[in-house]
file model-v6.cif (mmCIF, C-alpha atoms)
data_work
#
loop_
_atom_site.label_atom_id
_atom_site.label_comp_id
_atom_site.auth_asym_id
_atom_site.auth_seq_id
_atom_site.Cartn_x
_atom_site.Cartn_y
_atom_site.Cartn_z
CA MET A 4 0.00 0.00 0.00
CA ASN A 5 1.39 3.40 -0.96
CA LYS A 6 0.95 6.65 0.95
CA ASP A 7 -1.90 7.94 -1.19
CA VAL A 8 -3.94 4.77 -0.69
CA PHE A 9 -3.29 4.84 3.06
CA LEU A 10 -4.28 8.51 3.34
CA SER A 11 -7.41 7.88 1.28
CA LYS A 12 -8.67 5.70 4.16
CA LEU A 13 -8.43 8.60 6.60
CA VAL A 14 -10.72 11.52 7.32
CA ASP A 15 -9.09 14.94 6.90
CA ASN A 16 -9.95 16.97 10.02
CA SER A 17 -7.55 19.82 9.30
CA SER A 18 -10.47 22.21 8.66
CA SER A 19 -13.05 20.69 11.02
CA LYS A 20 -14.57 22.62 13.90
CA ASN A 21 -13.53 22.03 17.47
CA ILE A 22 -16.27 20.15 19.32
CA PHE A 23 -16.03 22.55 22.27
CA ASP A 24 -16.59 25.53 20.00
CA GLU A 25 -19.76 23.84 18.75
CA MET A 26 -20.95 23.19 22.29
CA ARG A 27 -20.32 26.77 23.38
CA LYS A 28 -22.48 28.09 20.54
CA GLU A 29 -25.47 26.00 21.60
CA MET A 30 -28.15 27.81 23.60
CA LEU A 31 -30.08 24.73 24.74
CA PRO A 32 -29.68 23.25 28.24
CA LEU A 33 -26.80 20.76 28.42
CA ILE A 34 -27.54 17.57 30.34
CA MET A 35 -24.86 15.06 31.36
CA TRP A 36 -26.00 11.45 31.05
CA GLY A 37 -24.45 9.48 33.89
CA ALA A 38 -22.50 10.40 37.00
CA GLY A 39 -19.91 7.65 37.32
CA SER A 40 -16.12 7.88 37.33
CA MET A 41 -15.85 8.89 33.68
CA SER A 42 -18.30 11.75 34.19
CA VAL A 43 -15.79 13.34 36.55
CA SER A 44 -13.22 13.59 33.75
CA VAL A 45 -15.83 14.86 31.27
CA ARG A 46 -17.13 17.48 33.68
CA LYS A 47 -13.65 18.76 34.55
CA LEU A 48 -12.84 19.04 30.88
CA LEU A 49 -16.05 20.97 30.20
CA GLU A 50 -15.30 23.33 33.10
CA LYS A 51 -11.84 23.94 31.68
CA GLU A 52 -13.49 24.85 28.37
CA ASP A 53 -15.96 27.16 30.17
CA ILE A 54 -18.95 24.94 29.40
CA ARG A 55 -21.46 24.29 32.17
CA ILE A 56 -24.00 21.52 32.51
CA ASP A 57 -27.54 22.19 33.72
CA ALA A 58 -28.37 18.78 35.16
CA PHE A 59 -27.36 15.14 35.47
CA TRP A 60 -29.58 12.54 33.84
CA ILE A 61 -29.75 9.47 36.06
CA ASP A 62 -32.86 7.32 35.92
CA ASN A 63 -32.24 5.28 39.08
CA CYS A 64 -30.99 7.61 41.77
CA GLU A 65 -32.65 6.97 45.13
CA VAL A 66 -30.56 9.09 47.53
CA ASP A 67 -28.80 12.14 46.15
CA THR A 68 -30.77 14.98 44.59
CA ASN A 69 -27.76 16.93 43.32
CA ILE A 70 -24.04 16.78 42.68
CA ASP A 71 -22.18 19.92 43.74
CA GLY A 72 -25.42 21.84 43.46
CA ILE A 73 -26.25 20.53 39.98
CA PRO A 74 -29.64 18.75 40.06
CA ILE A 75 -30.04 15.05 39.35
CA MET A 76 -33.08 14.34 37.19
CA ASN A 77 -34.65 11.31 35.57
CA MET A 78 -36.01 11.29 32.04
CA GLU A 79 -39.55 12.11 33.14
CA ASP A 80 -38.31 15.17 35.06
CA LEU A 81 -36.28 16.35 32.07
CA MET A 82 -39.20 16.02 29.67
CA GLN A 83 -41.43 18.02 32.00
CA LYS A 84 -38.92 20.82 32.50
CA TYR A 85 -37.34 21.26 29.06
CA GLU A 86 -38.71 21.49 25.54
CA LYS A 87 -35.34 20.69 23.97
CA ILE A 88 -32.00 19.60 25.41
CA ASN A 89 -28.51 18.62 24.33
CA VAL A 90 -26.91 15.60 25.99
CA VAL A 91 -23.25 15.04 26.75
CA PHE A 92 -22.23 11.50 27.61
CA GLY A 93 -20.69 10.98 31.04
CA HIS A 94 -20.02 7.34 30.19
CA SER A 95 -18.50 5.48 27.25
CA LYS A 96 -21.51 3.64 25.79
CA TYR A 97 -21.39 5.93 22.79
CA GLU A 98 -23.21 3.43 20.60
CA LEU A 99 -26.42 4.47 22.41
CA ALA A 100 -26.26 8.05 21.10
CA ASP A 101 -28.26 7.47 17.94
CA GLU A 102 -30.71 5.24 19.79
CA ILE A 103 -31.65 7.79 22.44
CA SER A 104 -31.87 10.60 19.88
CA LYS A 105 -34.50 8.58 18.01
CA LYS A 106 -36.28 7.48 21.17
CA TYR A 107 -36.60 10.95 22.72
CA SER A 108 -37.56 13.63 20.21
CA PHE A 109 -36.75 16.46 22.60
CA ILE A 110 -33.04 15.51 22.49
CA ASN A 111 -31.51 17.85 19.94
CA LYS A 112 -27.87 16.65 19.91
CA CYS A 113 -25.70 14.10 21.66
CA TYR A 114 -22.07 14.93 22.36
CA CYS A 115 -19.66 12.04 22.86
CA LEU A 116 -16.25 13.31 23.93
CA VAL A 117 -14.38 10.30 22.59
CA ASN A 118 -10.96 11.84 23.12
CA VAL A 119 -11.31 12.30 26.87
CA CYS A 120 -9.21 9.80 28.77
CA TYR A 121 -8.22 9.94 32.42
CA GLY A 122 -8.75 13.67 32.57
CA GLN A 123 -6.86 14.42 29.37
CA TRP A 124 -7.92 15.47 25.89
CA LYS A 125 -5.96 13.70 23.17
CA ARG A 126 -7.21 14.50 19.68
CA ILE A 127 -5.01 13.47 16.73
CA GLU A 128 -4.58 15.95 13.90
CA TYR A 129 -4.57 14.87 10.26
CA ASN A 130 -1.44 16.92 9.57
CA PHE A 131 0.38 15.01 12.32
CA VAL A 132 -0.51 11.73 10.62
CA LYS A 133 0.73 13.08 7.29
CA GLU A 134 4.01 14.15 8.89
CA HIS A 135 4.49 10.66 10.38
CA ILE A 136 2.94 8.66 7.57
CA GLU A 137 5.93 6.34 7.16
CA GLU A 138 5.85 5.40 10.84
CA TYR A 139 2.11 4.78 10.80
CA MET A 140 2.36 2.65 7.67
CA THR A 141 5.21 0.61 9.14
CA SER A 142 3.13 -0.32 12.18
CA TYR A 143 0.01 -0.87 10.08
CA ASN A 144 1.89 -3.38 7.91
CA MET A 145 3.07 -5.27 11.02
CA LEU A 146 -0.49 -6.23 11.91
CA SER A 147 -1.32 -9.88 11.39
CA ASP A 148 -4.92 -9.79 10.17
CA GLU A 149 -7.29 -7.53 8.26
CA ARG A 150 -9.55 -6.83 11.23
CA SER A 151 -6.54 -5.42 13.10
CA LYS A 152 -5.88 -3.09 10.18
CA GLU A 153 -9.52 -1.99 10.23
CA CYS A 154 -9.18 -1.26 13.96
CA PHE A 155 -6.03 0.77 13.26
CA ILE A 156 -7.72 2.98 10.64
CA ALA A 157 -10.88 3.31 12.74
CA TYR A 158 -8.78 4.46 15.69
CA LEU A 159 -7.16 7.25 13.68
CA ASN A 160 -10.44 8.34 12.12
CA CYS A 161 -12.23 8.41 15.47
CA LYS A 162 -9.43 10.35 17.16
CA MET A 163 -9.30 12.86 14.31
CA SER A 164 -13.01 13.33 13.65
CA GLU A 165 -14.24 12.94 17.26
CA ASP A 166 -16.94 10.64 15.87
CA PHE A 167 -17.39 7.30 17.67
CA ARG A 168 -19.24 5.83 14.67
CA TYR A 169 -15.95 5.00 12.97
CA LEU A 170 -15.41 2.38 15.69
CA LEU A 171 -18.78 0.64 15.55
CA GLY A 172 -17.92 -1.61 12.62
CA CYS A 173 -14.88 -2.89 14.50
CA CYS A 174 -16.55 -3.56 17.85
CA ASP A 175 -18.76 -6.51 17.01
CA GLU A 176 -15.98 -8.78 18.26
CA LYS A 177 -15.27 -7.35 21.72
CA ALA A 178 -12.10 -8.63 23.31
CA SER A 179 -10.57 -8.47 26.76
CA TYR A 180 -7.12 -9.12 28.14
CA PHE A 181 -8.06 -12.69 28.99
CA SER A 182 -10.76 -13.51 26.47
CA ASN A 183 -9.74 -12.93 22.88
CA PRO A 184 -9.31 -14.82 19.59
CA PHE A 185 -5.51 -15.02 19.80
CA PHE A 186 -4.50 -16.92 22.91
CA ARG A 187 -6.00 -18.82 25.84
CA ILE A 188 -5.31 -18.29 29.52
CA ASN A 189 -4.08 -21.38 31.38
CA ALA A 190 -4.25 -22.29 35.05
CA ASP A 191 -0.45 -22.37 35.32
CA GLU A 192 0.29 -18.91 33.87
CA TRP A 193 3.14 -16.86 35.30
CA TYR A 194 1.28 -13.61 34.90
CA VAL A 195 2.66 -10.07 35.23
CA ASP A 196 0.13 -7.26 35.78
CA ILE A 197 1.82 -3.89 35.20
CA GLY A 198 -0.52 -1.15 36.29
CA ALA A 199 -2.42 -3.53 38.56
CA TYR A 200 -4.54 -0.67 39.98
CA ASN A 201 -6.78 -2.04 42.76
CA GLY A 202 -6.60 -5.63 41.59
CA ASP A 203 -9.57 -5.50 39.22
CA THR A 204 -7.76 -7.23 36.36
CA ILE A 205 -6.21 -9.82 38.68
CA ARG A 206 -9.71 -10.69 39.85
CA GLU A 207 -10.78 -10.95 36.20
CA PHE A 208 -7.75 -13.12 35.46
CA LEU A 209 -8.53 -15.50 38.34
CA ASP A 210 -12.18 -15.72 37.23
CA THR A 211 -10.93 -16.89 33.83
CA VAL A 212 -9.11 -19.98 35.10
CA ASP A 213 -10.00 -22.88 37.38
CA GLU A 214 -7.70 -23.97 40.20
CA PHE A 215 -4.96 -21.47 39.48
CA SER A 216 -1.51 -23.01 40.04
CA GLY A 217 0.86 -20.44 38.57
CA ASN A 218 2.36 -17.17 39.82
CA ILE A 219 1.20 -13.56 39.73
CA TYR A 220 3.44 -10.50 39.85
CA ALA A 221 1.42 -7.32 40.44
CA ILE A 222 3.07 -3.92 39.97
CA GLU A 223 1.29 -0.73 41.09
CA PRO A 224 2.99 2.53 42.19
CA GLU A 225 0.05 4.63 43.42
CA ASN A 226 -0.45 4.52 47.20
CA GLU A 227 -4.23 4.20 47.52
CA SER A 228 -4.51 1.69 44.66
CA PHE A 229 -1.68 -0.40 46.13
CA GLU A 230 -3.44 -0.52 49.49
CA GLU A 231 -6.68 -1.67 47.82
CA LEU A 232 -4.73 -4.24 45.78
CA SER A 233 -3.08 -5.60 48.93
CA ARG A 234 -6.43 -5.90 50.72
CA MET A 235 -8.01 -7.68 47.76
CA ILE A 236 -5.23 -10.27 47.58
CA GLU A 237 -5.47 -10.85 51.34
CA GLU A 238 -9.27 -11.18 51.27
CA MET A 239 -9.22 -13.58 48.31
CA GLU A 240 -6.49 -15.67 49.98
CA VAL A 241 -4.65 -16.09 46.69
CA ASP A 242 -1.37 -17.98 46.89
CA ASN A 243 1.72 -17.27 44.81
CA VAL A 244 1.17 -13.53 44.42
CA GLU A 245 4.01 -11.06 44.76
CA LEU A 246 3.24 -7.34 45.00
CA PHE A 247 5.60 -4.52 43.98
CA GLN A 248 4.93 -0.87 44.78
CA CYS A 249 7.12 0.71 42.13
CA GLY A 250 7.13 1.63 38.47
CA CYS A 251 8.59 -0.02 35.37
CA TRP A 252 10.98 1.66 32.95
CA ASN A 253 13.89 0.93 30.60
CA GLU A 254 16.45 1.44 33.38
CA ASN A 255 16.62 1.33 37.18
CA THR A 256 16.31 4.92 38.32
CA VAL A 257 14.13 7.45 40.13
CA LEU A 258 11.56 9.51 38.20
CA LYS A 259 9.03 12.22 39.01
CA PHE A 260 5.54 10.90 39.69
CA ALA A 261 2.17 12.62 39.96
CA GLN A 262 -0.67 11.00 41.91
CA LYS A 263 -3.83 12.28 40.24
CA GLU A 264 -7.51 11.62 40.78
CA GLU A 265 -8.11 10.37 37.23
CA SER A 266 -4.85 8.55 36.65
CA SER A 267 -1.49 8.74 38.40
CA SER A 268 1.50 8.68 36.07
CA ILE A 269 5.13 9.44 35.50
CA ASP A 270 5.28 13.19 35.01
CA ALA A 271 8.26 15.55 34.77
CA GLU A 272 6.24 18.07 36.79
CA GLY A 273 5.23 15.55 39.45
CA THR A 274 5.87 16.37 43.09
CA GLN A 275 6.81 12.86 44.21
CA GLU A 276 9.71 10.57 43.45
CA LEU A 277 9.12 7.06 42.15
CA GLN A 278 11.58 4.21 42.07
CA VAL A 279 11.37 2.46 38.70
CA TYR A 280 12.97 -0.76 37.52
CA THR A 281 13.33 -2.74 34.36
CA LEU A 282 11.05 -5.76 34.46
CA ASP A 283 14.10 -7.87 33.63
CA SER A 284 15.84 -6.78 36.85
CA LEU A 285 12.70 -6.71 39.01
CA LEU A 286 11.82 -10.33 38.26
CA ASP A 287 15.44 -11.46 37.99
CA LYS A 288 15.06 -14.07 35.23
CA GLN A 289 11.82 -15.50 36.60
CA ARG A 290 9.65 -17.31 34.09
CA VAL A 291 6.88 -15.16 32.56
CA THR A 292 4.08 -16.44 30.31
CA MET A 293 1.84 -13.36 30.09
CA ILE A 294 2.20 -9.59 30.56
CA LYS A 295 -0.65 -7.09 30.76
CA ILE A 296 0.09 -3.33 30.61
CA ASN A 297 -2.42 -0.54 31.14
CA PHE A 298 -1.28 3.00 31.96
CA LEU A 299 -0.79 6.30 30.18
CA TYR A 300 2.92 7.04 30.05
CA GLY A 301 6.01 4.88 29.84
CA VAL A 302 4.62 1.82 28.05
CA ALA A 303 7.34 1.86 25.37
CA GLU A 304 10.03 2.19 28.04
CA THR A 305 8.45 -0.62 30.06
CA ILE A 306 8.55 -2.99 27.09
CA LEU A 307 12.18 -2.11 26.41
CA GLY A 308 12.92 -2.90 30.05
CA ALA A 309 11.49 -6.40 29.51
CA THR A 310 13.67 -7.20 26.50
CA GLU A 311 15.29 -10.29 27.98
CA ILE A 312 11.97 -11.66 29.21
CA LEU A 313 10.42 -11.26 25.76
CA LYS A 314 13.42 -12.83 24.06
CA THR A 315 13.69 -15.73 26.50
CA TYR A 316 10.05 -16.63 27.24
CA HIS A 317 8.04 -15.04 24.41
CA PRO A 318 5.16 -14.27 26.81
CA LYS A 319 1.67 -13.43 25.61
CA LEU A 320 1.13 -9.67 25.65
CA ALA A 321 -2.04 -7.62 26.20
CA ILE A 322 -1.35 -3.87 26.12
CA THR A 323 -3.74 -0.93 26.03
CA VAL A 324 -2.48 1.32 23.22
CA GLY A 325 -5.36 3.76 22.56
CA PHE A 326 -4.28 6.70 24.69
CA ASP A 327 -2.49 8.96 22.21
CA GLU A 328 -1.00 9.40 18.74
CA TRP A 329 2.19 7.45 19.49
CA GLY A 330 1.04 4.16 21.02
CA ILE A 331 0.03 2.43 17.78
CA ILE A 332 3.26 3.62 16.16
CA ARG A 333 5.89 2.79 18.75
CA ILE A 334 4.62 -0.26 20.58
CA PRO A 335 4.23 -2.68 17.62
CA GLN A 336 7.64 -1.66 16.30
CA ILE A 337 9.39 -2.13 19.65
CA ILE A 338 7.86 -5.58 20.13
CA LYS A 339 8.87 -6.72 16.63
CA GLU A 340 12.38 -5.32 17.07
CA ILE A 341 12.82 -7.35 20.25
CA ASP A 342 11.31 -10.56 18.83
CA SER A 343 10.31 -10.65 15.17
CA ASP A 344 8.36 -13.89 15.72
CA TYR A 345 5.57 -12.06 17.53
CA LYS A 346 2.26 -11.82 15.69
CA ILE A 347 0.48 -8.57 16.51
CA TYR A 348 -3.26 -7.91 16.58
CA LEU A 349 -5.59 -5.07 17.57
CA ARG A 350 -9.10 -5.31 19.00
CA TYR A 351 -11.48 -3.03 20.91
CA ALA A 352 -12.82 -3.86 24.35
CA ALA A 353 -15.55 -1.23 23.77
CA ALA A 354 -16.49 1.47 21.25
CA MET A 355 -13.99 3.93 22.70
CA PRO A 356 -10.51 4.74 21.35
CA ALA A 357 -8.93 4.35 24.79
CA ARG A 358 -10.15 0.74 24.88
CA LEU A 359 -7.95 -0.38 21.98
CA ILE A 360 -5.86 -3.38 23.04
CA LEU A 361 -2.77 -4.74 21.33
CA PHE A 362 -2.38 -8.50 21.58
CA ALA A 363 0.91 -10.21 20.75
CA CYS A 364 1.69 -13.90 20.79
#
call {"tool": "encode", "arguments": {"input": "model-v6.cif", "output": "structure tokens"}}
result
Amino acid sequence: MNKDVFLSKLVDNSSSKNIFDEMRKEMLPLIMWGAGSMSVSVRKLLEKEDIRIDAFWIDNCEVDTNIDGIPIMNMEDLMQKYEKINVVFGHSKYELADEISKKYSFINKCYCLVNVCYGQWKRIEYNFVKEHIEEYMTSYNMLSDERSKECFIAYLNCKMSEDFRYLLGCCDEKASYFSNPFFRINADEWYVDIGAYNGDTIREFLDTVDEFSGNIYAIEPENESFEELSRMIEEMEVDNVELFQCGCWNENTVLKFAQKEESSSIDAEGTQELQVYTLDSLLDKQRVTMIKINFLYGVAETILGATEILKTYHPKLAITVGFDEWGIIRIPQIIKEIDSDYKIYLRYAAAMPARLILFAC
């Protein structure tokens, strides 16, 4: 495939309007659908853009009547109070946008802020893709099946256009770290969870296998999450689990770290210091059969720090890569440079760019 053919698959957003500019021009009441964890990121982003919401739409709310003074209303309340409204999604089930617009005629527009992720806004510009076209094409050509290539193009188009619909055709085959078309999870895995958070994915991993007999290495730097992770492991009485409160990198050193409400991460402007290690040195030649990685910054460096593990054991890999413009460029190339025998695939866990997972085996 030449450059022109590749670019013909992409939407040119170089002259498109900013979604926040469109929202600011609207005069109708703006209602946020949902009030879960993602709504916090969406609301903060809107506040930063000087856009206010008039109410939260929650159909089953039995206790609270407001959030920070903003009323909570069900659909019946909204229909009685407003003739027309705009809705901004405070959750990631974007595929429901067209459905609710048809169902409720008083909904004028639905806004799905697909590029919000852990409190950040990460749109990709068409001109950036053009400038790095060779790098994008290199990674695209490393993918091992056509559906992965469709996911790759859909990711770029969604991130550039801010339209979730580009993803819908690729999300009929939802995948997860431990349930996917590419590899099976066994009871004797030696599993490494990098970015273990509060243990949610370890619980999911253990639910996938019967009579687990392998080892788990869980790595989580953030204080509160590490405490929750430790409690979960103790309560579940799981044997053969080793916890590490540190970070992973391509060398053993100390980096700046920022503990944030949405997502803690390595950050040059962070106020704390974080000890980081290469996975090779942290595990000291221990056998590894699977690695899962899910965090914003430092994924490429983490993989480089696991070079000997990848070369020696060829572990299965499940890595979230949908956070920015660089993940789908750098990560496939680094993996193939370390071990060219890896086959690389992409799948979505949900119709959201940040839920794009790279699988390698």
call {"tool": "closest_residue", "arguments": {"input": "model-v6.cif", "among": "A:Ile222, A:Ile70, A:Leu81, A:Ala190", "to": "Thr305 of chain A", "atoms": "all atoms listed in the file"}}
result
A:Ile222
call {"tool": "axis_aligned_box", "arguments": {"input": "model-v6.cif", "around": "segment 144-147 of chain A", "padding_each_side": "3 Å", "output": "JSON"}}
result
{"center_x": 0.9, "center_y": -6.6, "center_z": 9.9, "size_x": 10.4, "size_y": 12.5, "size_z": 10.0}
call {"tool": "closest_atom_pairs", "arguments": {"input": "model-v6.cif", "of": "segment 24-111 of chain A", "to": "segment 115-131 of chain A", "cutoff": "10 Å", "atoms": "only C-alpha atoms", "output": "tab-separated table"}}
result
residue	atom	partner	partner_atom	distance
A:Ser40	CA	A:Tyr121	CA	9.5
A:Met41	CA	A:Tyr121	CA	7.8
A:Ser42	CA	A:Gly122	CA	9.9
A:Val43	CA	A:Gly122	CA	8.1
A:Ser44	CA	A:Gly122	CA	4.6
A:Val45	CA	A:Val119	CA	6.8
A:Arg46	CA	A:Gly122	CA	9.3
A:Lys47	CA	A:Gly122	CA	7.3
A:Leu48	CA	A:Gly122	CA	7.0
A:Leu49	CA	A:Leu116	CA	9.9
A:Val90	CA	A:Cys115	CA	8.7
A:Val91	CA	A:Cys115	CA	6.1
A:Phe92	CA	A:Cys115	CA	5.4
A:Gly93	CA	A:Cys115	CA	8.3
A:His94	CA	A:Cys115	CA	8.7
A:Ser95	CA	A:Val117	CA	7.9
A:Lys96	CA	A:Cys115	CA	9.1
A:Tyr97	CA	A:Cys115	CA	6.4
A:Glu98	CA	A:Cys115	CA	9.6
A:Ala100	CA	A:Cys115	CA	7.9
call {"tool": "write_last_selection", "arguments": {"input": "model-v6.cif", "atoms": "C-alpha atoms", "output": "PDB file, keeping the file's coordinate frame"}}
result
ATOM      1  CA  SER A  40     -16.120   7.880  37.330  1.00  0.00           C
ATOM      2  CA  MET A  41     -15.850   8.890  33.680  1.00  0.00           C
ATOM      3  CA  SER A  42     -18.300  11.750  34.190  1.00  0.00           C
ATOM      4  CA  VAL A  43     -15.790  13.340  36.550  1.00  0.00           C
ATOM      5  CA  SER A  44     -13.220  13.590  33.750  1.00  0.00           C
ATOM      6  CA  VAL A  45     -15.830  14.860  31.270  1.00  0.00           C
ATOM      7  CA  ARG A  46     -17.130  17.480  33.680  1.00  0.00           C
ATOM      8  CA  LYS A  47     -13.650  18.760  34.550  1.00  0.00           C
ATOM      9  CA  LEU A  48     -12.840  19.040  30.880  1.00  0.00           C
ATOM     10  CA  LEU A  49     -16.050  20.970  30.200  1.00  0.00           C
ATOM     11  CA  VAL A  90     -26.910  15.600  25.990  1.00  0.00           C
ATOM     12  CA  VAL A  91     -23.250  15.040  26.750  1.00  0.00           C
ATOM     13  CA  PHE A  92     -22.230  11.500  27.610  1.00  0.00           C
ATOM     14  CA  GLY A  93     -20.690  10.980  31.040  1.00  0.00           C
ATOM     15  CA  HIS A  94     -20.020   7.340  30.190  1.00  0.00           C
ATOM     16  CA  SER A  95     -18.500   5.480  27.250  1.00  0.00           C
ATOM     17  CA  LYS A  96     -21.510   3.640  25.790  1.00  0.00           C
ATOM     18  CA  TYR A  97     -21.390   5.930  22.790  1.00  0.00           C
ATOM     19  CA  GLU A  98     -23.210   3.430  20.600  1.00  0.00           C
ATOM     20  CA  ALA A 100     -26.260   8.050  21.100  1.00  0.00           C
TER      21      ALA A 100
END
call {"tool": "residues_around", "arguments": {"input": "model-v6.cif", "residues": "Asn69 of chain A", "least_positions_apart": "6", "cutoff": "9 Å", "atoms": "all atoms listed in the file", "output": "list of chain:residue names"}}
result
A:Ala58, A:Phe59, A:Ile75, A:Met76
call {"tool": "atom_distance", "arguments": {"input": "model-v6.cif", "atom1": "atom CA of Asp283 of chain A", "atom2": "atom CA of Ser142 of chain A"}}
result
25.2 Å
call {"tool": "atom_distance", "arguments": {"input": "model-v6.cif", "atom1": "atom CA of Asp344 of chain A", "atom2": "atom CA of Ala199 of chain A"}}
result
27.3 Å
call {"tool": "resolve_selection", "arguments": {"input": "model-v6.cif", "expression": "the PyMOL selection byres ((chain A and resi 6-21) around 7)", "output": "count of residues only"}}
result
13
call {"tool": "residues_around", "arguments": {"input": "model-v6.cif", "residues": "Asp287 of chain A", "least_positions_apart": "5", "cutoff": "10 Å", "atoms": "all atoms listed in the file", "output": "count of residues only"}}
result
3
call {"tool": "atom_distance", "arguments": {"input": "model-v6.cif", "atom1": "atom CA of Asp203 of chain A", "atom2": "atom CA of Ala353 of chain A"}}
result
17.1 Å
call {"tool": "closest_residue", "arguments": {"input": "model-v6.cif", "among": "A:Thr323, A:Ser343, A:Gln83, A:Ser151", "to": "Ala303 of chain A", "atoms": "only C-alpha atoms"}}
result
A:Thr323
call {"tool": "closest_residue", "arguments": {"input": "model-v6.cif", "among": "A:Val195, A:Val257, A:Met293, A:Cys154", "to": "Arg358 of chain A", "atoms": "all atoms listed in the file"}}
result
A:Cys154
call {"tool": "closest_residue", "arguments": {"input": "model-v6.cif", "among": "A:Glu137, A:Asp196, A:Asp71, A:Glu230", "to": "Asn297 of chain A", "atoms": "all atoms listed in the file"}}
result
A:Asp196
call {"tool": "resolve_selection", "arguments": {"input": "model-v6.cif", "expression": "the PyMOL selection byres ((chain A and resi 157) around 9)", "output": "list in words"}}
result
Leu13, Lys152, Glu153, Cys154, Phe155, Ile156, Tyr158, Leu159, Asn160, Cys161, Lys162, Arg168, Tyr169, Leu170, Leu171, Gly172, Cys173 and Pro356 of chain A
call {"tool": "build_atoms", "arguments": {"input": "model-v6.cif", "residues": "segment 218-231 of chain A", "atoms": "N, CA, C and O atoms", "output": "short mmCIF file (atom, residue, chain, number, x, y, z; two decimals), in the coordinates of the input"}}
result
data_model
loop_
_atom_site.label_atom_id
_atom_site.label_comp_id
_atom_site.auth_asym_id
_atom_site.auth_seq_id
_atom_site.Cartn_x
_atom_site.Cartn_y
_atom_site.Cartn_z
N ASN A 218 1.89 -18.30 39.02
CA ASN A 218 2.36 -17.17 39.82
C ASN A 218 1.81 -15.87 39.26
O ASN A 218 1.60 -15.76 38.05
N ILE A 219 1.61 -14.89 40.14
CA ILE A 219 1.20 -13.56 39.73
C ILE A 219 2.18 -12.54 40.29
O ILE A 219 2.50 -12.57 41.49
N TYR A 220 2.64 -11.64 39.44
CA TYR A 220 3.44 -10.50 39.85
C TYR A 220 2.63 -9.25 39.56
O TYR A 220 2.32 -8.97 38.39
N ALA A 221 2.26 -8.51 40.60
CA ALA A 221 1.42 -7.32 40.44
C ALA A 221 2.22 -6.08 40.78
O ALA A 221 2.79 -5.97 41.87
N ILE A 222 2.25 -5.13 39.83
CA ILE A 222 3.07 -3.92 39.97
C ILE A 222 2.16 -2.70 39.93
O ILE A 222 1.45 -2.49 38.94
N GLU A 223 2.15 -1.91 41.00
CA GLU A 223 1.29 -0.73 41.09
C GLU A 223 1.98 0.33 41.97
O GLU A 223 2.23 0.09 43.14
N PRO A 224 2.26 1.51 41.42
CA PRO A 224 2.99 2.53 42.19
C PRO A 224 2.13 3.42 43.08
O PRO A 224 2.61 3.95 44.08
N GLU A 225 0.86 3.62 42.73
CA GLU A 225 0.05 4.63 43.42
C GLU A 225 -0.41 4.12 44.79
O GLU A 225 -0.84 2.98 44.93
N ASN A 226 -0.28 4.96 45.81
CA ASN A 226 -0.45 4.52 47.20
C ASN A 226 -1.83 3.92 47.48
O ASN A 226 -1.93 2.79 47.99
N GLU A 227 -2.89 4.66 47.19
CA GLU A 227 -4.23 4.20 47.52
C GLU A 227 -4.59 2.93 46.76
O GLU A 227 -5.16 1.99 47.32
N SER A 228 -4.23 2.89 45.47
CA SER A 228 -4.51 1.69 44.66
C SER A 228 -3.74 0.50 45.19
O SER A 228 -4.27 -0.63 45.24
N PHE A 229 -2.50 0.71 45.60
CA PHE A 229 -1.68 -0.40 46.13
C PHE A 229 -2.28 -0.95 47.41
O PHE A 229 -2.28 -2.17 47.63
N GLU A 230 -2.81 -0.06 48.25
CA GLU A 230 -3.44 -0.52 49.49
C GLU A 230 -4.69 -1.37 49.17
O GLU A 230 -4.91 -2.40 49.79
N GLU A 231 -5.50 -0.91 48.21
CA GLU A 231 -6.68 -1.67 47.82
C GLU A 231 -6.28 -3.02 47.21
O GLU A 231 -6.92 -4.05 47.47
#
